[in-house]
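*Asks:* The following file, final-v3.tsv, comprises TSV, C-alpha atoms:
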chain	number	residue	atom	x	y	z
U	109	MET	CA	3.50	34.35	-36.73
U	110	ALA	CA	6.52	34.90	-34.57
U	111	LYS	CA	5.43	31.96	-32.46
U	112	ASP	CA	6.08	29.58	-35.28
U	113	LEU	CA	9.62	30.66	-35.62
U	114	ILE	CA	11.64	28.69	-33.16
U	115	LYS	CA	15.34	28.71	-33.37
U	116	TRP	CA	16.66	25.43	-34.67
U	117	ALA	CA	19.10	25.09	-31.83
U	118	GLN	CA	16.36	25.11	-29.24
U	119	LEU	CA	14.56	22.13	-30.66
U	120	PRO	CA	15.41	18.90	-28.96
U	121	THR	CA	17.52	16.82	-31.20
U	122	ILE	CA	17.09	13.12	-31.61
U	123	SER	CA	20.33	12.42	-29.81
U	124	SER	CA	19.45	14.53	-26.77
U	125	MET	CA	16.09	12.83	-26.61
U	126	GLN	CA	17.85	9.51	-26.79
U	127	GLU	CA	20.11	10.55	-23.93
U	128	GLU	CA	17.15	11.55	-21.85
U	129	MET	CA	15.51	8.21	-22.55
U	130	ASN	CA	18.65	6.39	-21.51
U	131	ARG	CA	18.80	8.37	-18.32
U	132	MET	CA	15.20	7.52	-17.63
U	133	PHE	CA	15.87	3.81	-18.08
U	134	ASP	CA	18.95	3.99	-15.93
U	135	ARG	CA	17.04	5.70	-13.18
U	136	PHE	CA	14.33	3.13	-13.36
U	137	PHE	CA	16.44	-0.01	-13.49
U	138	LYS	CA	19.36	0.98	-11.38
U	139	GLY	CA	17.40	3.07	-8.93
U	140	GLY	CA	20.03	5.74	-8.83
U	141	GLU	CA	20.57	7.38	-5.50
U	142	SER	CA	19.45	10.75	-6.75
U	143	SER	CA	15.95	9.64	-7.53
U	144	ASP	CA	13.23	8.35	-5.31
U	145	PHE	CA	11.52	6.92	-8.31
U	146	GLY	CA	10.61	3.26	-7.93
U	147	MET	CA	12.37	3.05	-4.59
U	148	THR	CA	10.58	0.04	-3.20
U	149	ALA	CA	8.96	-1.29	-6.32
U	150	THR	CA	12.08	-2.54	-8.03
U	151	TRP	CA	13.86	-4.14	-5.15
U	152	ALA	CA	15.46	-7.50	-5.81
U	153	PRO	CA	18.41	-9.10	-4.08
U	154	PRO	CA	21.65	-9.32	-6.02
U	155	LEU	CA	22.87	-12.86	-6.54
U	156	ASP	CA	25.87	-14.84	-7.62
U	157	LEU	CA	25.76	-18.05	-9.58
U	158	SER	CA	28.69	-20.42	-9.63
U	159	GLU	CA	29.31	-24.04	-10.46
U	160	THR	CA	31.80	-26.79	-9.90
U	161	ALA	CA	31.98	-30.14	-11.65
U	162	ASP	CA	29.21	-31.60	-9.51
U	163	LYS	CA	27.23	-28.76	-8.04
U	164	VAL	CA	25.64	-25.40	-8.72
U	165	THR	CA	25.59	-22.69	-6.06
U	166	VAL	CA	23.47	-19.59	-5.88
U	167	LYS	CA	24.17	-16.95	-3.27
U	168	ALA	CA	22.06	-13.92	-2.58
U	169	GLU	CA	22.37	-11.04	-0.19
U	170	ILE	CA	19.12	-10.69	1.68
U	171	PRO	CA	19.88	-8.70	4.83
U	172	GLY	CA	16.95	-8.31	7.18
U	173	MET	CA	14.83	-11.00	5.64
U	174	ASP	CA	13.12	-13.65	7.63
U	175	PRO	CA	14.19	-17.02	6.13
U	176	LYS	CA	10.58	-18.14	6.48
U	177	GLU	CA	9.54	-15.51	3.99
U	178	ILE	CA	11.68	-17.03	1.26
U	179	ASP	CA	10.22	-19.47	-1.17
U	180	ILE	CA	12.58	-21.47	-3.36
U	181	SER	CA	11.43	-23.70	-6.17
U	182	ILE	CA	13.02	-25.50	-9.08
U	183	GLN	CA	11.16	-26.05	-12.32
U	184	GLY	CA	13.14	-27.92	-14.92
U	185	ASP	CA	16.42	-26.06	-15.20
U	186	THR	CA	15.09	-22.90	-13.65
U	187	LEU	CA	15.43	-21.79	-10.08
U	188	ILE	CA	12.85	-19.41	-8.73
U	189	ILE	CA	13.43	-17.44	-5.56
U	190	LYS	CA	10.53	-15.47	-4.19
U	191	GLY	CA	10.27	-13.56	-1.02
U	192	GLU	CA	9.21	-10.52	0.78
U	193	LYS	CA	11.29	-8.22	2.86
U	194	LYS	CA	9.02	-6.77	5.42
U	195	GLU	CA	9.56	-3.58	7.24
U	196	GLU	CA	10.24	-4.01	10.92
U	197	LYS	CA	7.24	-3.96	13.15
U	198	GLU	CA	5.37	-0.76	12.86
U	199	GLU	CA	6.15	1.48	15.73
U	200	LYS	CA	4.05	4.42	16.48
U	201	GLY	CA	5.42	7.83	15.80
U	202	LYS	CA	8.28	6.69	13.57
U	203	ASN	CA	9.91	9.62	11.94
U	204	TYR	CA	12.38	8.76	9.19
U	205	TYR	CA	15.54	10.75	8.62
U	206	ARG	CA	17.06	8.45	6.11
U	207	MET	CA	15.65	5.52	4.21
U	208	GLU	CA	18.15	3.79	2.00
U	209	ARG	CA	17.24	0.19	2.61
U	210	ARG	CA	14.67	-1.44	0.40
U	211	TYR	CA	11.57	-3.33	1.29
U	212	GLY	CA	8.99	-5.23	-0.65
U	213	SER	CA	8.47	-8.48	-2.42
U	214	PHE	CA	10.63	-9.80	-5.18
U	215	SER	CA	10.94	-12.76	-7.45
U	216	ARG	CA	14.08	-13.82	-9.25
U	217	VAL	CA	14.30	-16.44	-11.93
U	218	VAL	CA	17.66	-18.03	-12.56
U	219	ASP	CA	18.53	-20.26	-15.48
U	220	LEU	CA	20.66	-23.05	-14.14
U	221	PRO	CA	23.69	-24.07	-16.16
U	222	ALA	CA	22.92	-27.78	-15.75
U	223	SER	CA	20.13	-30.11	-14.71
U	224	VAL	CA	20.07	-30.58	-10.98
U	225	ASP	CA	18.76	-33.30	-8.75
U	226	THR	CA	15.81	-31.66	-7.01
U	227	ASN	CA	16.09	-34.09	-4.11
U	228	LYS	CA	19.56	-32.86	-3.29
U	229	VAL	CA	19.08	-29.17	-2.77
U	230	THR	CA	20.07	-27.39	0.39
U	231	ALA	CA	19.40	-23.80	1.31
U	232	GLU	CA	21.04	-22.03	4.18
U	233	CYS	CA	20.68	-18.51	5.44
U	234	LYS	CA	23.48	-17.04	7.47
U	235	ASN	CA	24.12	-13.44	8.41
U	236	GLY	CA	21.80	-12.22	5.72
U	237	VAL	CA	23.36	-14.29	2.94
U	238	LEU	CA	21.29	-17.04	1.38
U	239	GLU	CA	23.16	-19.94	-0.12
U	240	ILE	CA	21.43	-22.55	-2.23
U	241	THR	CA	23.47	-25.59	-3.17
U	242	MET	CA	22.20	-27.94	-5.83
U	243	GLN	CA	23.79	-31.22	-6.85
U	244	LYS	CA	24.00	-31.79	-10.56
U	245	LYS	CA	22.29	-34.82	-12.04
U	246	GLU	CA	24.56	-37.79	-12.62
U	247	GLU	CA	24.16	-37.68	-16.39
U	248	VAL	CA	25.39	-34.10	-16.70
U	249	LYS	CA	28.43	-34.50	-14.48
U	250	PRO	CA	31.60	-34.64	-16.45
U	251	LYS	CA	32.96	-38.15	-16.56
U	252	GLN	CA	36.54	-38.99	-16.64
U	253	ILE	CA	37.44	-41.83	-18.89
U	254	SER	CA	40.71	-43.40	-18.24
U	255	VAL	CA	42.66	-44.71	-21.13
U	256	LYS	CA	43.60	-48.28	-20.76
U	257	VAL	CA	47.05	-49.20	-21.65
U	258	GLY	CA	46.83	-52.02	-24.15
V	43	MET	CA	33.42	-14.05	-15.47
V	44	GLU	CA	30.43	-12.04	-16.45
V	45	THR	CA	29.37	-9.15	-14.32
V	46	LYS	CA	25.77	-8.24	-14.65
V	47	GLU	CA	24.41	-4.85	-13.94
V	48	HIS	CA	21.88	-5.39	-11.25
V	49	PRO	CA	18.69	-3.43	-10.88
V	50	SER	CA	18.47	-1.31	-7.80
V	51	VAL	CA	21.13	-2.62	-5.45
V	52	GLU	CA	24.50	-1.09	-5.84
V	53	LYS	CA	27.17	-0.93	-3.20
V	54	LYS	CA	29.04	2.28	-2.94
V	55	LYS	CA	32.73	1.70	-2.78
V	56	ILE	CA	34.76	3.76	-0.40
V	57	THR	CA	37.56	5.56	-2.10
V	58	PRO	CA	40.67	6.49	-0.15
V	59	ASP	CA	39.89	10.20	-0.38
V	60	LYS	CA	36.66	9.72	1.57
V	61	CYS	CA	38.25	8.31	4.68
V	62	VAL	CA	41.32	6.46	5.76
V	63	ILE	CA	40.91	2.75	5.99
V	64	THR	CA	43.54	0.19	6.36
V	65	GLY	CA	43.37	-3.51	5.88
V	66	LYS	CA	42.91	-5.90	3.05
V	67	GLY	CA	40.00	-5.92	0.69
V	68	ASP	CA	37.47	-3.44	-0.50
V	69	TRP	CA	35.30	-1.35	1.74
V	70	TYR	CA	31.77	-0.24	1.08
V	71	PHE	CA	29.19	2.10	2.53
V	72	PRO	CA	26.31	-0.05	3.69
V	73	GLN	CA	22.75	1.17	3.28
V	74	SER	CA	21.04	2.39	6.36
V	75	ASP	CA	17.76	3.64	7.70
V	76	ILE	CA	17.52	6.15	10.51
V	77	TYR	CA	14.34	6.90	12.31
V	78	GLU	CA	13.17	8.55	15.45
V	79	THR	CA	10.58	7.35	17.94
V	80	PRO	CA	9.50	9.27	21.04
V	81	ASP	CA	12.24	7.64	23.16
V	82	ASN	CA	14.98	6.58	20.78
V	83	PHE	CA	16.77	7.08	17.55
V	84	THR	CA	17.27	3.85	15.64
V	85	ILE	CA	19.86	3.18	12.97
V	86	LEU	CA	19.51	0.06	10.86
V	87	ILE	CA	22.45	-0.95	8.72
V	88	ASP	CA	22.49	-3.71	6.12
V	89	MET	CA	25.66	-5.73	6.49
V	90	PRO	CA	25.11	-9.07	4.81
V	91	GLY	CA	27.87	-11.58	5.43
V	92	VAL	CA	29.16	-10.06	8.67
V	93	ASP	CA	29.35	-12.10	11.89
V	94	THR	CA	28.54	-10.51	15.22
V	95	GLU	CA	32.18	-10.99	16.24
V	96	HIS	CA	33.43	-8.99	13.31
V	97	ILE	CA	31.61	-5.78	14.02
V	98	THR	CA	33.24	-2.96	15.89
V	99	ILE	CA	31.33	0.05	17.06
V	100	ASP	CA	33.35	2.90	18.47
V	101	LEU	CA	32.19	6.12	19.92
V	102	ARG	CA	34.87	8.75	19.64
V	103	ASP	CA	33.89	12.23	20.68
V	104	ASN	CA	30.82	12.88	18.63
V	105	GLU	CA	31.43	10.23	16.07
V	106	LEU	CA	29.93	6.79	16.03
V	107	VAL	CA	32.12	4.62	13.85
V	108	ILE	CA	30.88	1.26	12.62
V	109	ASN	CA	33.11	-1.26	10.90
V	110	GLY	CA	32.03	-4.70	9.78
V	111	GLU	CA	34.35	-7.23	8.27
V	112	VAL	CA	33.10	-9.99	6.05
V	113	SER	CA	34.42	-13.45	6.52
V	114	GLN	CA	33.01	-14.77	3.29
V	115	GLU	CA	35.75	-16.09	1.09
V	116	ALA	CA	36.13	-15.34	-2.54
V	117	TYR	CA	35.46	-18.06	-5.05
V	118	ARG	CA	38.28	-20.48	-5.45
V	119	ASP	CA	37.48	-23.75	-7.15
V	120	GLU	CA	34.21	-22.60	-8.55
V	121	LYS	CA	33.48	-21.26	-11.95
V	122	VAL	CA	31.52	-18.07	-11.49
V	123	LEU	CA	28.79	-17.77	-14.09
V	124	TYR	CA	27.51	-14.49	-12.94
V	125	ASN	CA	28.24	-12.10	-10.24
V	126	GLU	CA	25.92	-9.31	-9.22
V	127	TYR	CA	27.21	-8.28	-5.88
V	128	THR	CA	30.57	-7.36	-4.57
V	129	ILE	CA	31.98	-8.67	-1.35
V	130	GLY	CA	33.78	-6.34	0.94
V	131	HIS	CA	33.91	-4.87	4.38
V	132	TYR	CA	31.57	-2.18	5.55
V	133	HIS	CA	32.26	1.15	7.12
V	134	ARG	CA	29.94	3.90	8.12
V	135	HIS	CA	30.10	6.75	10.56
V	136	PHE	CA	27.54	9.06	12.05
V	137	VAL	CA	27.87	12.22	14.05
V	138	ILE	CA	25.70	12.23	17.11
V	139	SER	CA	24.70	15.12	19.31
V	140	ASP	CA	24.06	15.65	23.00
V	141	ALA	CA	20.49	14.62	22.45
V	142	ILE	CA	21.66	11.03	22.91
V	143	ASN	CA	22.25	9.22	26.14
V	144	ARG	CA	25.62	7.76	25.25
V	145	ASP	CA	25.81	5.30	28.10
V	146	LYS	CA	22.78	3.44	26.94
V	147	ILE	CA	23.46	2.84	23.28
V	148	GLU	CA	22.49	-0.69	22.35
V	149	ALA	CA	23.47	-2.72	19.32
V	150	LYS	CA	22.23	-6.02	18.03
V	151	MET	CA	22.68	-8.02	14.89
V	152	SER	CA	20.16	-10.24	13.19
V	153	ASP	CA	19.99	-11.64	9.64
V	154	GLY	CA	22.79	-9.42	8.47
V	155	VAL	CA	21.25	-6.22	9.78
V	156	LEU	CA	22.83	-4.24	12.57
V	157	SER	CA	20.40	-2.25	14.64
V	158	LEU	CA	21.64	0.50	16.87
V	159	ILE	CA	19.30	1.94	19.40
V	160	LEU	CA	20.32	5.35	20.63
V	161	PRO	CA	18.16	6.43	23.55
V	162	LYS	CA	17.38	10.09	23.80
V	163	ALA	CA	18.74	12.06	26.68
V	164	GLU	CA	16.16	13.02	29.28
V	165	HIS	CA	16.24	16.68	28.38
V	166	VAL	CA	15.10	16.13	24.82
V	167	LYS	CA	12.35	13.61	25.43
V	168	PRO	CA	8.91	14.92	24.70
V	169	ARG	CA	7.11	15.92	27.84
V	170	LYS	CA	3.55	16.72	28.45
V	171	ILE	CA	2.96	19.74	30.54
V	172	GLU	CA	-0.16	19.53	32.48
V	173	VAL	CA	-2.32	22.53	32.97
V	174	LYS	CA	-3.31	23.01	36.51
V	175	ALA	CA	-6.80	24.13	37.20
V	176	GLU	CA	-7.07	26.83	39.70
Spell out the structure here as structure tokens.

*Replies:*
Amino acid sequence: MAKDLIKWAQLPTISSMQEEMNRMFDRFFKGGESSDFGMTATWAPPLDLSETADKVTVKAEIPGMDPKEIDISIQGDTLIIKGEKKEEKEEKGKNYYRMERRYGSFSRVVDLPASVDTNKVTAECKNGVLEITMQKKEEVKPKQISVKVG
Amino acid sequence: METKEHPSVEKKKITPDKCVITGKGDWYFPQSDIYETPDNFTILIDMPGVDTEHITIDLRDNELVINGEVSQEAYRDEKVLYNEYTIGHYHRHFVISDAINRDKIEAKMSDGVLSLILPKAEHVKPRKIEVKAE
């Protein structure tokens, strides 16, 4: 009978369960340094998206990636970047002391702010930073209309 | 400007209490891998946006100090729609022991990754001792 009597305070409350859930999600999505949970599985390069009146630029940090392993495609107003960061050639008898860098394949889908001309897309990779420049389509570029003086 | 929380990659900012750094801009701890092979220790450091000319590697006493400065400029005429990574210089230091042949440390940079090869000193290299038959 005594088994059934648990002090109220010891029971997990809804809010503490909620907190634990939040922590779990944080660990999973942010890959906090304290956990080795999902270390390689959730890798994706961080990217910046910016625009000017006539072009859209996407930059991504992809240190250690072979530019040949990157696949860029545009479907409608969506940019898709896929790639795989491979571990350096396997050497025999490698003994790791520290492994902070991430490896694995990723895919990122970016909604573009405007329609772009798929024939005018350039992608450049320099010092581990990928830069994709896309020209906006003529019809979406802002037009300046000058007012005629009558 | 919207700053999105990005899954998995987060740069650790260096606060002034951690070490003394002068110069403009923010400084970050880059991510690194360290591994050992029979002949060397290898350190790989992710430093996206750093040119070979902007890396300094100093060996002071037992400390190997690596600084990388980014030349990438901040956005000026562009409207930033989202921003997931921060741009800043990199700093990292490692303490090395006598197990390393200091004269033969090599460094190279490719695709934003600095690789440092630290050869082991002769006295720590694995050796096979042959058994002599009598």

*Asks:* For a quick check of understanding, using only C-alpha atoms, which of V:Thr84, V:Tyr124, V:Trp69, V:Lys53 has the smallest distance to Val218 (chain U)?

*Replies:* V:Tyr124

*Asks:* Near chain U, meaning an atom within 8 Å, which residues of chain V appear when counting all atoms listed in the file? Write them as JSON, numbers by chain.

*Replies:* {"V": [48, 49, 50, 51, 52, 73, 74, 75, 76, 77, 78, 79, 80, 88, 89, 90, 91, 92, 93, 119, 120, 121, 122, 123, 124, 125, 126, 127, 152, 153, 154, 155]}

*Asks:* For each of V:Leu156, V:Ile129, V:Leu101, V:Ile108, take the minimum atom-to-atom distance to Lys55 (chain V), counting only C-alpha atoms, then give the residue where this is smallest.

*Replies:*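 Among the listed residues, the smallest separation from Lys55 (chain V) belongs to V:Ile129.
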
*Asks:* Excluding Val217 (chain U) and residues on its chain fewer than 4 positions from it, collect all residues at most 10 Å away from it, counting only C-alpha atoms, and give them as a compact mmCIF listing (two decimals) with C-alpha atoms, keeping the file's coordinate frame.

*Replies:*
# COMPACT_ATOMS: atom_id res chain seq x y z
CA SER U 181 11.43 -23.70 -6.17
CA ILE U 182 13.02 -25.50 -9.08
CA THR U 186 15.09 -22.90 -13.65
CA LEU U 187 15.43 -21.79 -10.08
CA ILE U 188 12.85 -19.41 -8.73
CA ILE U 189 13.43 -17.44 -5.56
CA LYS U 190 10.53 -15.47 -4.19

*Asks:* Have a look at CA of Val229 (chain U) and CA of Ile180 (chain U) and let me know their distance in Å, one decimal.

*Replies:*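 It comes out at 10.1 Å.
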
*Asks:* As an exercise, work out the distance from CA of Asp103 (chain V) to CA of Phe136 (chain V) in Å and give it to one decimal place.

*Replies:*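 CA of Asp103 (chain V) sits 11.2 Å away from CA of Phe136 (chain V).
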
*Asks:* At what distance in Å, to one decimal, does CA of Arg144 (chain V) lie from CA of Pro161 (chain V)?

*Replies:*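 These two atoms are separated by 7.8 Å.
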